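Novice: This is the content of final.csv (CSV, C-alpha atoms):
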```csv
chain,number,residue,atom,x,y,z
A,349,MET,CA,1.2,4.7,27.0
A,350,GLN,CA,3.4,1.9,28.3
A,351,ARG,CA,4.5,2.7,31.9
A,352,GLY,CA,4.8,0.6,35.0
A,353,ILE,CA,4.4,-3.2,34.4
A,354,LEU,CA,1.9,-4.8,36.7
A,355,GLU,CA,-0.5,-7.7,36.4
A,356,GLY,CA,-3.1,-7.1,33.7
A,357,VAL,CA,-1.2,-4.2,31.9
A,358,ARG,CA,-3.4,-2.1,29.7
A,359,ILE,CA,-2.0,-1.3,26.3
A,360,ASN,CA,-3.9,0.5,23.6
A,361,GLY,CA,-7.1,-0.1,25.5
A,362,LYS,CA,-6.6,-3.8,25.9
A,363,THR,CA,-5.4,-5.8,28.9
A,364,ALA,CA,-2.1,-7.8,28.3
A,365,SER,CA,-1.3,-10.5,30.9
A,366,PRO,CA,2.4,-11.2,31.6
A,367,ARG,CA,3.7,-14.3,29.9
A,368,ARG,CA,6.0,-16.3,32.1
A,369,ALA,CA,8.4,-19.1,31.1
A,370,ASP,CA,6.9,-21.8,28.9
A,371,ILE,CA,6.6,-25.2,30.4
A,372,PHE,CA,10.0,-26.8,29.6
A,373,ALA,CA,12.0,-29.2,31.6
A,374,GLY,CA,15.3,-27.6,32.7
A,375,PRO,CA,17.6,-27.0,35.7
A,376,LYS,CA,15.8,-25.4,38.6
A,377,GLU,CA,18.8,-23.5,40.0
A,378,PRO,CA,21.2,-22.3,37.3
A,379,ASP,CA,24.6,-21.1,38.6
A,380,THR,CA,24.4,-17.4,37.8
A,381,ALA,CA,26.6,-16.3,40.7
A,382,ARG,CA,29.8,-16.7,38.7
A,383,LEU,CA,28.3,-14.9,35.7
A,384,ALA,CA,27.2,-12.0,38.0
A,385,ALA,CA,30.7,-11.9,39.5
A,386,ALA,CA,32.3,-11.9,36.1
A,387,SER,CA,29.9,-9.1,35.0
A,388,LEU,CA,30.7,-7.1,38.2
A,389,ARG,CA,34.4,-7.2,37.4
A,390,MET,CA,33.8,-5.3,34.2
A,391,PRO,CA,34.4,-1.5,34.7
A,392,LEU,CA,30.8,-0.6,33.7
A,393,THR,CA,28.5,2.1,34.9
A,394,ASN,CA,24.8,2.1,34.4
A,395,GLY,CA,24.2,1.5,30.7
A,396,SER,CA,24.4,-0.9,27.8
A,397,PHE,CA,27.9,-1.6,26.4
A,398,GLU,CA,29.2,-3.5,23.4
A,399,LEU,CA,32.1,-5.7,24.5
A,400,ARG,CA,35.3,-6.7,22.6
A,401,ILE,CA,33.6,-9.9,21.6
A,402,PRO,CA,31.6,-9.2,18.5
A,403,GLY,CA,27.8,-9.4,19.1
A,404,LEU,CA,28.1,-9.4,22.9
A,405,THR,CA,26.6,-6.6,24.9
A,406,ALA,CA,26.6,-6.2,28.7
A,407,SER,CA,23.9,-4.2,30.6
A,408,ARG,CA,23.9,-2.9,34.1
A,409,SER,CA,21.5,-0.8,36.2
A,410,SER,CA,21.6,0.1,39.8
A,411,ARG,CA,17.9,1.0,40.0
A,412,THR,CA,14.6,0.0,38.5
A,413,ASN,CA,12.9,2.0,35.7
A,414,ALA,CA,10.0,4.2,36.6
A,415,GLU,CA,8.5,3.6,33.2
A,416,CYS,CA,9.1,1.6,30.0
A,417,VAL,CA,11.9,2.4,27.6
A,418,HIS,CA,11.3,1.9,23.9
A,419,ALA,CA,13.9,0.3,21.7
A,420,LEU,CA,14.3,-2.0,18.7
A,421,ARG,CA,15.5,-5.4,19.9
A,422,LEU,CA,17.5,-7.4,17.2
A,423,PRO,CA,17.6,-11.2,17.1
A,424,SER,CA,19.4,-12.2,20.3
A,425,LEU,CA,19.7,-14.4,23.4
A,426,CYS,CA,19.4,-12.5,26.6
A,427,ILE,CA,20.6,-13.9,30.0
A,428,ILE,CA,20.1,-12.1,33.3
A,429,ALA,CA,22.8,-12.7,35.8
A,430,GLN,CA,21.1,-10.6,38.5
A,431,GLY,CA,17.8,-8.7,38.8
A,432,ALA,CA,14.7,-8.9,36.7
A,433,LYS,CA,13.2,-7.3,33.6
A,434,THR,CA,9.9,-7.1,31.7
A,435,VAL,CA,9.5,-6.6,28.0
A,436,ILE,CA,6.3,-5.7,26.0
A,437,VAL,CA,6.1,-6.8,22.4
A,438,GLY,CA,2.8,-5.6,20.8
A,439,GLU,CA,0.3,-6.7,23.4
A,440,GLU,CA,2.3,-9.6,24.9
A,441,VAL,CA,4.2,-9.1,28.2
A,442,TYR,CA,7.2,-11.2,29.0
A,443,GLU,CA,8.9,-11.4,32.4
A,444,TYR,CA,12.3,-12.9,33.0
A,445,ASP,CA,15.1,-13.0,35.6
A,446,ALA,CA,18.2,-15.0,36.5
A,447,SER,CA,16.2,-18.2,36.2
A,448,ARG,CA,14.8,-17.6,32.8
A,449,MET,CA,16.3,-16.6,29.5
A,450,ILE,CA,14.6,-14.9,26.6
A,451,VAL,CA,15.2,-15.3,22.9
A,452,PHE,CA,14.2,-12.8,20.2
A,453,SER,CA,14.2,-14.5,16.8
A,454,VAL,CA,13.4,-11.4,14.7
A,455,ALA,CA,13.9,-7.6,15.1
A,456,LEU,CA,11.1,-6.3,17.2
A,457,PRO,CA,10.2,-2.9,18.6
A,458,VAL,CA,9.8,-3.4,22.4
A,459,ALA,CA,9.0,-1.5,25.5
A,460,ALA,CA,11.2,-2.7,28.4
A,461,GLN,CA,11.5,-2.1,32.1
A,462,VAL,CA,14.0,-3.2,34.7
A,463,THR,CA,11.9,-4.4,37.6
A,464,GLN,CA,14.5,-5.6,40.1
A,465,ALA,CA,17.7,-3.8,40.8
A,466,SER,CA,19.5,-1.9,43.6
A,467,ARG,CA,22.9,-0.3,44.3
A,468,SER,CA,23.9,-3.3,46.3
A,469,GLU,CA,22.6,-5.8,43.8
A,470,PRO,CA,22.4,-4.1,40.4
A,471,TYR,CA,20.6,-5.5,37.4
A,472,LEU,CA,23.2,-7.4,35.3
A,473,ALA,CA,22.6,-9.0,31.9
A,474,LEU,CA,24.3,-10.2,28.8
A,475,ARG,CA,22.9,-10.1,25.2
A,476,LEU,CA,24.3,-12.2,22.4
A,477,ASP,CA,23.2,-11.4,18.9
A,478,LEU,CA,21.9,-14.3,16.8
A,479,ASP,CA,23.0,-14.5,13.2
A,480,PRO,CA,20.6,-16.5,11.1
A,481,HIS,CA,23.5,-17.6,8.8
A,482,LYS,CA,25.4,-19.0,11.8
A,483,ILE,CA,22.2,-20.6,13.1
A,484,ALA,CA,21.7,-22.3,9.7
A,485,GLU,CA,25.3,-23.6,9.7
A,486,LEU,CA,25.0,-25.1,13.2
A,487,VAL,CA,21.5,-26.5,12.6
A,488,LEU,CA,23.1,-28.9,10.1
A,489,LYS,CA,25.3,-30.2,12.8
A,490,VAL,CA,22.8,-30.3,15.6
A,491,TYR,CA,20.0,-31.8,13.5
A,492,PRO,CA,21.8,-33.9,10.8
A,493,ARG,CA,18.6,-35.8,10.0
A,494,GLY,CA,16.5,-32.6,9.7
A,495,VAL,CA,14.7,-30.4,12.2
A,496,PRO,CA,11.4,-31.7,13.7
A,497,PRO,CA,8.4,-29.8,12.5
A,498,VAL,CA,7.1,-27.0,14.8
A,499,GLN,CA,3.6,-25.5,14.7
A,500,GLU,CA,4.0,-22.5,17.0
A,501,ARG,CA,4.9,-19.2,15.3
A,502,SER,CA,6.4,-16.7,17.6
A,503,ALA,CA,9.3,-14.3,17.7
A,504,VAL,CA,9.9,-14.4,21.5
A,505,TYR,CA,10.6,-17.4,23.6
A,506,VAL,CA,11.1,-17.5,27.4
A,507,ALA,CA,12.4,-20.7,29.0
A,508,PRO,CA,14.2,-21.8,32.1
A,509,VAL,CA,17.9,-21.0,31.7
A,510,ASP,CA,20.2,-23.9,31.1
A,511,VAL,CA,23.2,-24.4,33.5
A,512,SER,CA,25.4,-25.3,30.5
A,513,ILE,CA,24.5,-22.1,28.7
A,514,VAL,CA,25.1,-20.0,31.8
A,515,ASN,CA,28.5,-21.7,32.4
A,516,ALA,CA,29.5,-21.0,28.8
A,517,ALA,CA,28.3,-17.4,29.0
A,518,THR,CA,30.5,-17.1,32.2
A,519,ARG,CA,33.5,-18.4,30.3
A,520,LEU,CA,32.8,-16.0,27.5
A,521,MET,CA,32.9,-13.1,29.9
A,522,GLU,CA,36.1,-14.4,31.4
A,523,CYS,CA,37.7,-14.4,28.0
A,524,LEU,CA,37.8,-10.7,28.2
A,525,ALA,CA,40.2,-10.8,31.1
A,526,GLN,CA,42.9,-12.9,29.3
A,527,PRO,CA,45.0,-11.4,26.5
A,528,GLY,CA,44.2,-13.1,23.2
A,529,ASP,CA,41.3,-15.1,24.6
A,530,ALA,CA,38.6,-12.8,23.2
A,531,GLU,CA,40.0,-13.2,19.7
A,532,LEU,CA,41.0,-16.9,19.8
A,533,LEU,CA,38.7,-18.7,22.2
A,534,ALA,CA,35.5,-16.5,22.3
A,535,PRO,CA,34.3,-17.5,18.9
A,536,LEU,CA,34.4,-21.2,20.0
A,537,VAL,CA,32.5,-20.4,23.2
A,538,VAL,CA,29.9,-18.5,21.2
A,539,ASP,CA,29.4,-21.5,18.9
A,540,GLU,CA,29.1,-23.6,22.1
A,541,ILE,CA,26.3,-21.3,23.4
A,542,LEU,CA,24.4,-21.5,20.1
A,543,ILE,CA,24.7,-25.2,19.9
A,544,ARG,CA,23.5,-25.6,23.5
A,545,LEU,CA,20.6,-23.2,22.7
A,546,LEU,CA,19.7,-25.3,19.6
A,547,ARG,CA,19.8,-28.5,21.8
A,548,SER,CA,17.6,-26.9,24.4
A,549,PRO,CA,13.8,-27.4,24.7
A,550,ILE,CA,13.3,-24.2,22.5
A,551,GLY,CA,16.0,-25.2,20.1
A,552,VAL,CA,13.7,-26.5,17.4
A,553,ARG,CA,12.0,-23.1,17.4
A,554,VAL,CA,15.2,-21.2,17.3
A,555,ALA,CA,16.4,-23.4,14.4
A,556,GLN,CA,13.6,-21.9,12.2
A,557,MET,CA,15.7,-18.7,12.0
A,558,GLY,CA,18.0,-20.5,9.6
A,559,PHE,CA,15.5,-21.9,7.1
A,560,ALA,CA,14.8,-19.7,4.1
A,561,GLU,CA,11.4,-21.3,3.6
A,562,SER,CA,10.2,-21.2,7.2
A,563,SER,CA,7.4,-18.7,8.0
A,564,LEU,CA,9.6,-17.1,10.6
A,565,HIS,CA,12.4,-16.5,8.0
A,566,ARG,CA,9.9,-15.0,5.6
A,567,VAL,CA,8.5,-12.7,8.2
A,568,ALA,CA,12.1,-11.7,9.1
A,569,LYS,CA,12.7,-10.8,5.5
A,570,ALA,CA,9.6,-8.6,5.5
A,571,ILE,CA,10.8,-7.0,8.7
A,572,SER,CA,14.2,-6.3,7.2
A,573,TRP,CA,12.4,-4.5,4.3
A,574,LEU,CA,10.2,-2.5,6.7
A,575,ARG,CA,13.2,-1.4,8.8
A,576,ALA,CA,15.0,-0.2,5.7
A,577,ASN,CA,12.0,1.6,4.2
A,578,PHE,CA,9.7,2.5,7.2
A,579,SER,CA,9.3,6.1,6.0
A,580,GLN,CA,7.9,4.9,2.7
A,581,PRO,CA,4.2,4.2,2.0
A,582,ILE,CA,3.6,0.4,2.0
A,583,LYS,CA,1.0,-2.0,0.8
A,584,VAL,CA,0.6,-5.3,2.6
A,585,GLU,CA,0.0,-6.9,-0.8
A,586,ASP,CA,3.5,-5.8,-1.9
A,587,LEU,CA,5.1,-7.1,1.3
A,588,ALA,CA,3.3,-10.4,0.9
A,589,GLY,CA,4.6,-10.7,-2.7
A,590,LEU,CA,8.1,-9.9,-1.5
A,591,VAL,CA,8.1,-13.0,0.6
A,592,HIS,CA,6.0,-15.1,-1.8
A,593,MET,CA,3.0,-15.5,0.4
A,594,SER,CA,-0.7,-14.8,0.0
A,595,VAL,CA,-1.9,-11.6,1.6
A,596,SER,CA,-4.1,-13.5,4.2
A,597,SER,CA,-1.3,-16.0,5.0
A,598,PHE,CA,1.3,-13.3,5.3
A,599,HIS,CA,-0.9,-11.1,7.6
A,600,GLU,CA,-1.7,-14.1,9.8
A,601,HIS,CA,2.0,-15.2,10.1
A,602,PHE,CA,3.2,-11.6,10.7
A,603,LYS,CA,0.7,-11.0,13.4
A,604,SER,CA,1.4,-14.4,15.0
A,605,VAL,CA,5.2,-13.8,15.0
A,606,THR,CA,5.3,-10.1,16.1
A,607,SER,CA,2.0,-9.6,17.9
A,608,MET,CA,1.5,-6.7,15.5
A,609,SER,CA,0.1,-6.2,12.0
A,610,PRO,CA,2.6,-5.0,9.4
A,611,LEU,CA,1.2,-1.5,9.5
A,612,GLN,CA,1.3,-1.4,13.3
A,613,TYR,CA,4.9,-2.5,13.1
A,614,GLN,CA,5.7,0.3,10.7
A,615,LYS,CA,4.0,2.8,12.9
A,616,VAL,CA,6.0,1.8,15.9
A,617,LEU,CA,9.3,2.1,13.9
A,618,ARG,CA,8.3,5.6,12.7
A,619,LEU,CA,7.4,6.8,16.2
A,620,GLN,CA,10.6,5.4,17.7
A,621,GLU,CA,12.8,7.0,15.0
A,622,ALA,CA,10.9,10.3,15.3
A,623,ARG,CA,11.5,10.3,19.1
A,624,ARG,CA,15.2,9.5,18.6
A,625,LEU,CA,15.6,12.4,16.1
A,626,MET,CA,13.9,14.9,18.4
A,627,LEU,CA,15.9,13.8,21.4
A,628,SER,CA,19.3,13.4,19.9
A,629,THR,CA,19.4,16.0,17.0
A,630,MET,CA,17.1,18.7,18.4
A,631,MET,CA,14.8,18.3,15.4
A,632,ASP,CA,11.4,19.8,15.9
A,633,ALA,CA,8.3,17.6,15.9
A,634,GLY,CA,7.0,18.8,12.5
A,635,THR,CA,10.3,18.1,10.7
A,636,ALA,CA,10.7,14.7,12.5
A,637,SER,CA,7.2,13.6,11.5
A,638,GLN,CA,8.0,14.4,7.8
A,639,HIS,CA,11.3,12.7,8.1
A,640,VAL,CA,9.8,9.4,9.2
A,641,GLY,CA,7.0,9.5,6.6
A,642,TYR,CA,4.0,11.2,8.1
A,643,LEU,CA,2.1,13.5,5.7
A,644,SER,CA,-0.1,15.0,8.5
A,645,ALA,CA,1.5,16.7,11.5
A,646,SER,CA,-1.8,16.3,13.5
A,647,GLN,CA,-1.9,12.6,12.8
A,648,PHE,CA,1.7,12.3,14.0
A,649,SER,CA,0.9,14.2,17.2
A,650,ARG,CA,-2.2,12.1,17.9
A,651,GLU,CA,-0.4,8.7,17.3
A,652,TYR,CA,2.7,9.9,19.2
A,653,SER,CA,0.6,11.0,22.2
A,654,ARG,CA,-1.4,7.7,22.2
A,655,PHE,CA,1.8,5.7,22.1
A,656,TYR,CA,4.1,7.6,24.5
A,657,GLY,CA,1.5,9.2,26.7
A,658,SER,CA,2.1,12.9,26.0
A,659,ALA,CA,2.5,15.2,23.0
A,660,PRO,CA,5.9,15.2,21.2
A,661,THR,CA,7.1,18.5,22.5
A,662,LYS,CA,6.1,17.8,26.1
A,663,ASP,CA,7.5,14.3,26.0
A,664,ILE,CA,10.9,15.4,24.6
A,665,ALA,CA,11.2,18.2,27.2
A,666,ARG,CA,10.5,15.7,29.9
A,667,LEU,CA,13.1,13.2,28.6
A,668,ARG,CA,15.8,15.9,28.4
A,669,ASN,CA,15.3,16.7,32.0
A,670,ASP,CA,14.9,13.1,33.1
A,671,SER,CA,17.8,11.3,34.7
A,672,ARG,CA,16.2,7.9,34.4
A,673,PRO,CA,18.5,5.0,33.6
A,674,TRP,CA,18.7,3.1,30.3
A,675,VAL,CA,17.2,-0.3,29.7
```
Write out the structure in this file as structure tokens.
Specialist:
Amino acid sequence: MQRGILEGVRINGKTASPRRADIFAGPKEPDTARLAAASLRMPLTNGSFELRIPGLTASRSSRTNAECVHALRLPSLCIIAQGAKTVIVGEEVYEYDASRMIVFSVALPVAAQVTQASRSEPYLALRLDLDPHKIAELVLKVYPRGVPPVQERSAVYVAPVDVSIVNAATRLMECLAQPGDAELLAPLVVDEILIRLLRSPIGVRVAQMGFAESSLHRVAKAISWLRANFSQPIKVEDLAGLVHMSVSSFHEHFKSVTSMSPLQYQKVLRLQEARRLMLSTMMDAGTASQHVGYLSASQFSREYSRFYGSAPTKDIARLRNDSRPWV
């Protein structure tokens, strides 16, 4: 069960220590006030909202979460204008706020919690989707002589937010207020943000998203297959063959990138989808478990209870009566 995020969180019987920003040189005081002001001008209530600019999502919450909310986070750059948040990926815990940005380079099932928010100073954040094809296109311009080699394999990077990225994000939000700007100027500002991200201290790592032969790209390909076929039985040998890697190398790279084994990743996808089906379509637990690929209802109940903290029926009944905000 993944509830309140504190120092030394225990997940699946193990202790996970929060990972803070990596040691990168960067601006100490990014100007997020304008970005927060631009976000506050949007007519948003608590929630997560796709904006008129493709790939851009704004989030707002006037209170913290009492417990973690589970979701699938697609490749994206997330910038907090106000407040703070914690995200769990596998057994890794990441904390970020207005001084730190976070990048997800592959699709990952996460457990997230807004940890700083109030009515007077709500949590405000922007999320920009990262398209590997666009990243590959811009990498050729940012690194015309080739991308320097990088040894670390990870899907999540936290680093001090760059003033230039915050300023560009602010201008991107301001495009929404001017007729025609969202269609004409926003794509140029998005390219600017991506270029500045690629030129940042974590840029070399982000650049790996665009290389077909990089281990990150291969893991991303396996993840795409898992997302499309999570209800089907899988063999790690078949996944490894799909991305042209040996079984041992694939397993090592997958675990290094996602903090989960391929089978653990599949299980989380199944449990998240089963929960969504029961909550949104009134599907019963037995039918939902079969729909996502479980052959044993008892196994589904055990794994669901272990992951979410209570049996499916009890958990869904609580969620339907719960007025907690989104993440």
Novice: With only C-alpha atoms as the atoms that count, which of A:Ala446, A:Ile513, A:Ala530, A:Val451 lies nearest to Gln464 in chain A?
Specialist: A:Ala446
Novice: Using all atoms listed in the file, find the one residue out of A:Lys615, A:Arg666, A:Arg519, A:His481 that sits nearest to Ser387 in chain A.
Specialist: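 Closest candidate: A:Arg519.
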Novice: Residues of range 517-618 of chain A that approach range 423-431 of chain A to 12 Å or less, counting all atoms listed in the file: could you list each one with the shortest pair of atoms and its distance in Å to one decimal, rows by chain and increasing residue number, as CSV?
Specialist:
```
residue,atom,partner,partner_atom,distance
A:Ala517,CA,A:Ile427,CA,8.5
A:Thr518,CA,A:Ala429,CA,9.6
A:Met521,CA,A:Ala429,CA,11.7
A:Val538,CA,A:Leu425,CA,11.2
A:Ile541,CA,A:Leu425,CA,9.5
A:Leu542,CA,A:Leu425,CA,9.1
A:Arg544,CA,A:Leu425,CA,11.8
A:Leu545,CA,A:Leu425,CA,8.9
A:Leu546,CA,A:Leu425,CA,11.5
A:Ile550,CA,A:Leu425,CA,11.7
A:Gly551,CA,A:Leu425,CA,11.9
A:Val554,CA,A:Leu425,CA,10.2
A:Met557,CA,A:Pro423,CA,9.3
A:Gly558,CA,A:Pro423,CA,12.0
A:Leu564,CA,A:Pro423,CA,11.9
A:His565,CA,A:Pro423,CA,11.7
A:Ala568,CA,A:Pro423,CA,9.7
A:Ile571,CA,A:Pro423,CA,11.6
A:Ser572,CA,A:Pro423,CA,11.6
```
Novice: Give me the residues near Ser396 in chain A as a JSON list (two decimals) with C-alpha atoms, in the coordinates of the input, where near means some atom within 7 Å (using only C-alpha atoms) and where sequence neighbours in that chain fewer than 6 positions away do not count.
Specialist:
```
[["chain", "number", "residue", "atom", "x", "y", "z"],
["A", 405, "THR", "CA", 26.60, -6.60, 24.90],
["A", 406, "ALA", "CA", 26.60, -6.20, 28.70],
["A", 407, "SER", "CA", 23.90, -4.20, 30.60],
["A", 408, "ARG", "CA", 23.90, -2.90, 34.10]]
```
Novice: Just give me the gap between CA of Asp477 in chain A and CA of Val584 in chain A in Å, one decimal is fine.
Specialist: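 CA of Val584 in chain A lies 28.5 Å from CA of Asp477 in chain A.
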Novice: Ranking A:Ile543, A:Val591, A:Leu486, A:Ala576 by minimum distance to Ser563 in chain A and counting all atoms listed in the file, which one comes first?
Specialist: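 Smallest distance to Ser563 in chain A is found for A:Val591.
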Novice: Quick check, in Å to one decimal: how far apart do CA of Pro535 in chain A and CA of Pro457 in chain A lie?
Specialist: 28.2 Å
Novice: Looking at all atoms listed in the file, which of A:Ser548, A:Thr393, A:Gln612, A:Gln526 is the one that sits closest to Met449 in chain A?
Specialist: A:Ser548
Novice: Mind checking which residues fall within 8 Å of Ala645 in chain A, counting only C-alpha atoms, ignoring those fewer than 5 positions away in the same chain, and posting them as a list in words?
Specialist: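 Once the adjacent positions are removed, what remains is Gly634, Ser637 and Gln638 of chain A.
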Novice: Would you compute the distance between CA of Cys416 in chain A and CA of Ala460 in chain A? Give it in Å to one decimal.
Specialist: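 CA of Ala460 in chain A lies 5.0 Å from CA of Cys416 in chain A.
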Novice: Using 12 Å as the limit and counting all atoms listed in the file, can you tabulate each residue of range 417-439 of chain A that touches range 655-662 of chain A, with its shortest atom-to-atom distance in Å and the two atoms involved, as JSON lines?
Specialist:
```
{"residue": "A:Val417", "atom": "CA", "partner": "A:Tyr656", "partner_atom": "CA", "distance": 9.9}
{"residue": "A:His418", "atom": "CA", "partner": "A:Tyr656", "partner_atom": "CA", "distance": 9.2}
{"residue": "A:Gly438", "atom": "CA", "partner": "A:Phe655", "partner_atom": "CA", "distance": 11.4}
```
Novice: Considering all atoms listed in the file, return as an mmCIF file with C-alpha atoms, in the coordinates of the input whatever protein or nucleic-acid residues lie within 9 Å of Ile450 in chain A, sequence-local ones (same chain, fewer than 5 positions apart) excluded.
Specialist:
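The new file result14.cif reads:
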```cif
data_model
loop_
_atom_site.group_PDB
_atom_site.id
_atom_site.type_symbol
_atom_site.label_atom_id
_atom_site.label_comp_id
_atom_site.auth_asym_id
_atom_site.auth_seq_id
_atom_site.Cartn_x
_atom_site.Cartn_y
_atom_site.Cartn_z
ATOM 1 C CA ALA A 369 8.400 -19.100 31.100
ATOM 2 C CA SER A 424 19.400 -12.200 20.300
ATOM 3 C CA LEU A 425 19.700 -14.400 23.400
ATOM 4 C CA CYS A 426 19.400 -12.500 26.600
ATOM 5 C CA ILE A 427 20.600 -13.900 30.000
ATOM 6 C CA TYR A 442 7.200 -11.200 29.000
ATOM 7 C CA GLU A 443 8.900 -11.400 32.400
ATOM 8 C CA TYR A 444 12.300 -12.900 33.000
ATOM 9 C CA VAL A 504 9.900 -14.400 21.500
ATOM 10 C CA TYR A 505 10.600 -17.400 23.600
ATOM 11 C CA VAL A 506 11.100 -17.500 27.400
ATOM 12 C CA ALA A 507 12.400 -20.700 29.000
ATOM 13 C CA PRO A 508 14.200 -21.800 32.100
ATOM 14 C CA VAL A 509 17.900 -21.000 31.700
#
```
Novice: Considering only C-alpha atoms, can you say which of A:Ile664, A:Ser609, A:Ser596, A:Pro402 comes closest to Met631 in chain A?
Specialist: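 Closest to Met631 in chain A of all the choices is A:Ile664.
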Novice: My list of candidates is A:Glu398, A:Glu469, A:Asp479, A:Asp632. Which is closest to Ser410 in chain A when distances are computed with only C-alpha atoms?
Specialist: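 Of A:Glu398, A:Glu469, A:Asp479, A:Asp632, the one nearest Ser410 in chain A is A:Glu469, counting only C-alpha atoms.
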Novice: Will you model N, CA, C and O atoms for range 599-613 of chain A and pass it back as an mmCIF file, in the frame of the given file?
Specialist:
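Result file part.cif:
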```cif
data_model
loop_
_atom_site.group_PDB
_atom_site.id
_atom_site.type_symbol
_atom_site.label_atom_id
_atom_site.label_comp_id
_atom_site.auth_asym_id
_atom_site.auth_seq_id
_atom_site.Cartn_x
_atom_site.Cartn_y
_atom_site.Cartn_z
ATOM 1 N N HIS A 599 -0.370 -11.904 6.454
ATOM 2 C CA HIS A 599 -0.900 -11.100 7.600
ATOM 3 C C HIS A 599 -1.022 -11.980 8.823
ATOM 4 O O HIS A 599 -0.661 -11.566 9.934
ATOM 5 N N GLU A 600 -1.515 -13.204 8.653
ATOM 6 C CA GLU A 600 -1.700 -14.100 9.800
ATOM 7 C C GLU A 600 -0.333 -14.460 10.408
ATOM 8 O O GLU A 600 -0.178 -14.423 11.634
ATOM 9 N N HIS A 601 0.642 -14.803 9.571
ATOM 10 C CA HIS A 601 2.000 -15.200 10.100
ATOM 11 C C HIS A 601 2.666 -14.003 10.726
ATOM 12 O O HIS A 601 3.284 -14.139 11.780
ATOM 13 N N PHE A 602 2.575 -12.827 10.113
ATOM 14 C CA PHE A 602 3.200 -11.600 10.700
ATOM 15 C C PHE A 602 2.680 -11.303 12.033
ATOM 16 O O PHE A 602 3.437 -11.035 12.975
ATOM 17 N N LYS A 603 1.359 -11.332 12.159
ATOM 18 C CA LYS A 603 0.700 -11.000 13.400
ATOM 19 C C LYS A 603 1.062 -12.081 14.485
ATOM 20 O O LYS A 603 1.300 -11.770 15.660
ATOM 21 N N SER A 604 1.117 -13.332 14.067
ATOM 22 C CA SER A 604 1.400 -14.400 15.000
ATOM 23 C C SER A 604 2.854 -14.290 15.515
ATOM 24 O O SER A 604 3.123 -14.513 16.695
ATOM 25 N N VAL A 605 3.785 -13.914 14.657
ATOM 26 C CA VAL A 605 5.200 -13.800 15.000
ATOM 27 C C VAL A 605 5.469 -12.572 15.871
ATOM 28 O O VAL A 605 6.138 -12.621 16.905
ATOM 29 N N THR A 606 4.960 -11.422 15.451
ATOM 30 C CA THR A 606 5.300 -10.100 16.100
ATOM 31 C C THR A 606 4.314 -9.573 17.039
ATOM 32 O O THR A 606 4.602 -8.591 17.727
ATOM 33 N N SER A 607 3.132 -10.148 17.092
ATOM 34 C CA SER A 607 2.000 -9.600 17.900
ATOM 35 C C SER A 607 1.539 -8.269 17.377
ATOM 36 O O SER A 607 0.873 -7.524 18.086
ATOM 37 N N MET A 608 1.907 -7.933 16.135
ATOM 38 C CA MET A 608 1.500 -6.700 15.500
ATOM 39 C C MET A 608 1.158 -6.955 14.042
ATOM 40 O O MET A 608 1.677 -7.898 13.451
ATOM 41 N N SER A 609 0.331 -6.102 13.467
ATOM 42 C CA SER A 609 0.100 -6.200 12.000
ATOM 43 C C SER A 609 1.307 -5.463 11.357
ATOM 44 O O SER A 609 2.039 -4.701 11.999
ATOM 45 N N PRO A 610 1.527 -5.685 10.055
ATOM 46 C CA PRO A 610 2.600 -5.000 9.400
ATOM 47 C C PRO A 610 2.525 -3.469 9.485
ATOM 48 O O PRO A 610 3.542 -2.788 9.683
ATOM 49 N N LEU A 611 1.320 -2.920 9.376
ATOM 50 C CA LEU A 611 1.200 -1.500 9.500
ATOM 51 C C LEU A 611 1.422 -0.969 10.892
ATOM 52 O O LEU A 611 1.986 0.116 11.091
ATOM 53 N N GLN A 612 1.017 -1.742 11.893
ATOM 54 C CA GLN A 612 1.300 -1.400 13.300
ATOM 55 C C GLN A 612 2.826 -1.398 13.517
ATOM 56 O O GLN A 612 3.372 -0.518 14.188
ATOM 57 N N TYR A 613 3.488 -2.404 12.974
ATOM 58 C CA TYR A 613 4.900 -2.500 13.100
ATOM 59 C C TYR A 613 5.612 -1.281 12.500
ATOM 60 O O TYR A 613 6.507 -0.690 13.103
#
```
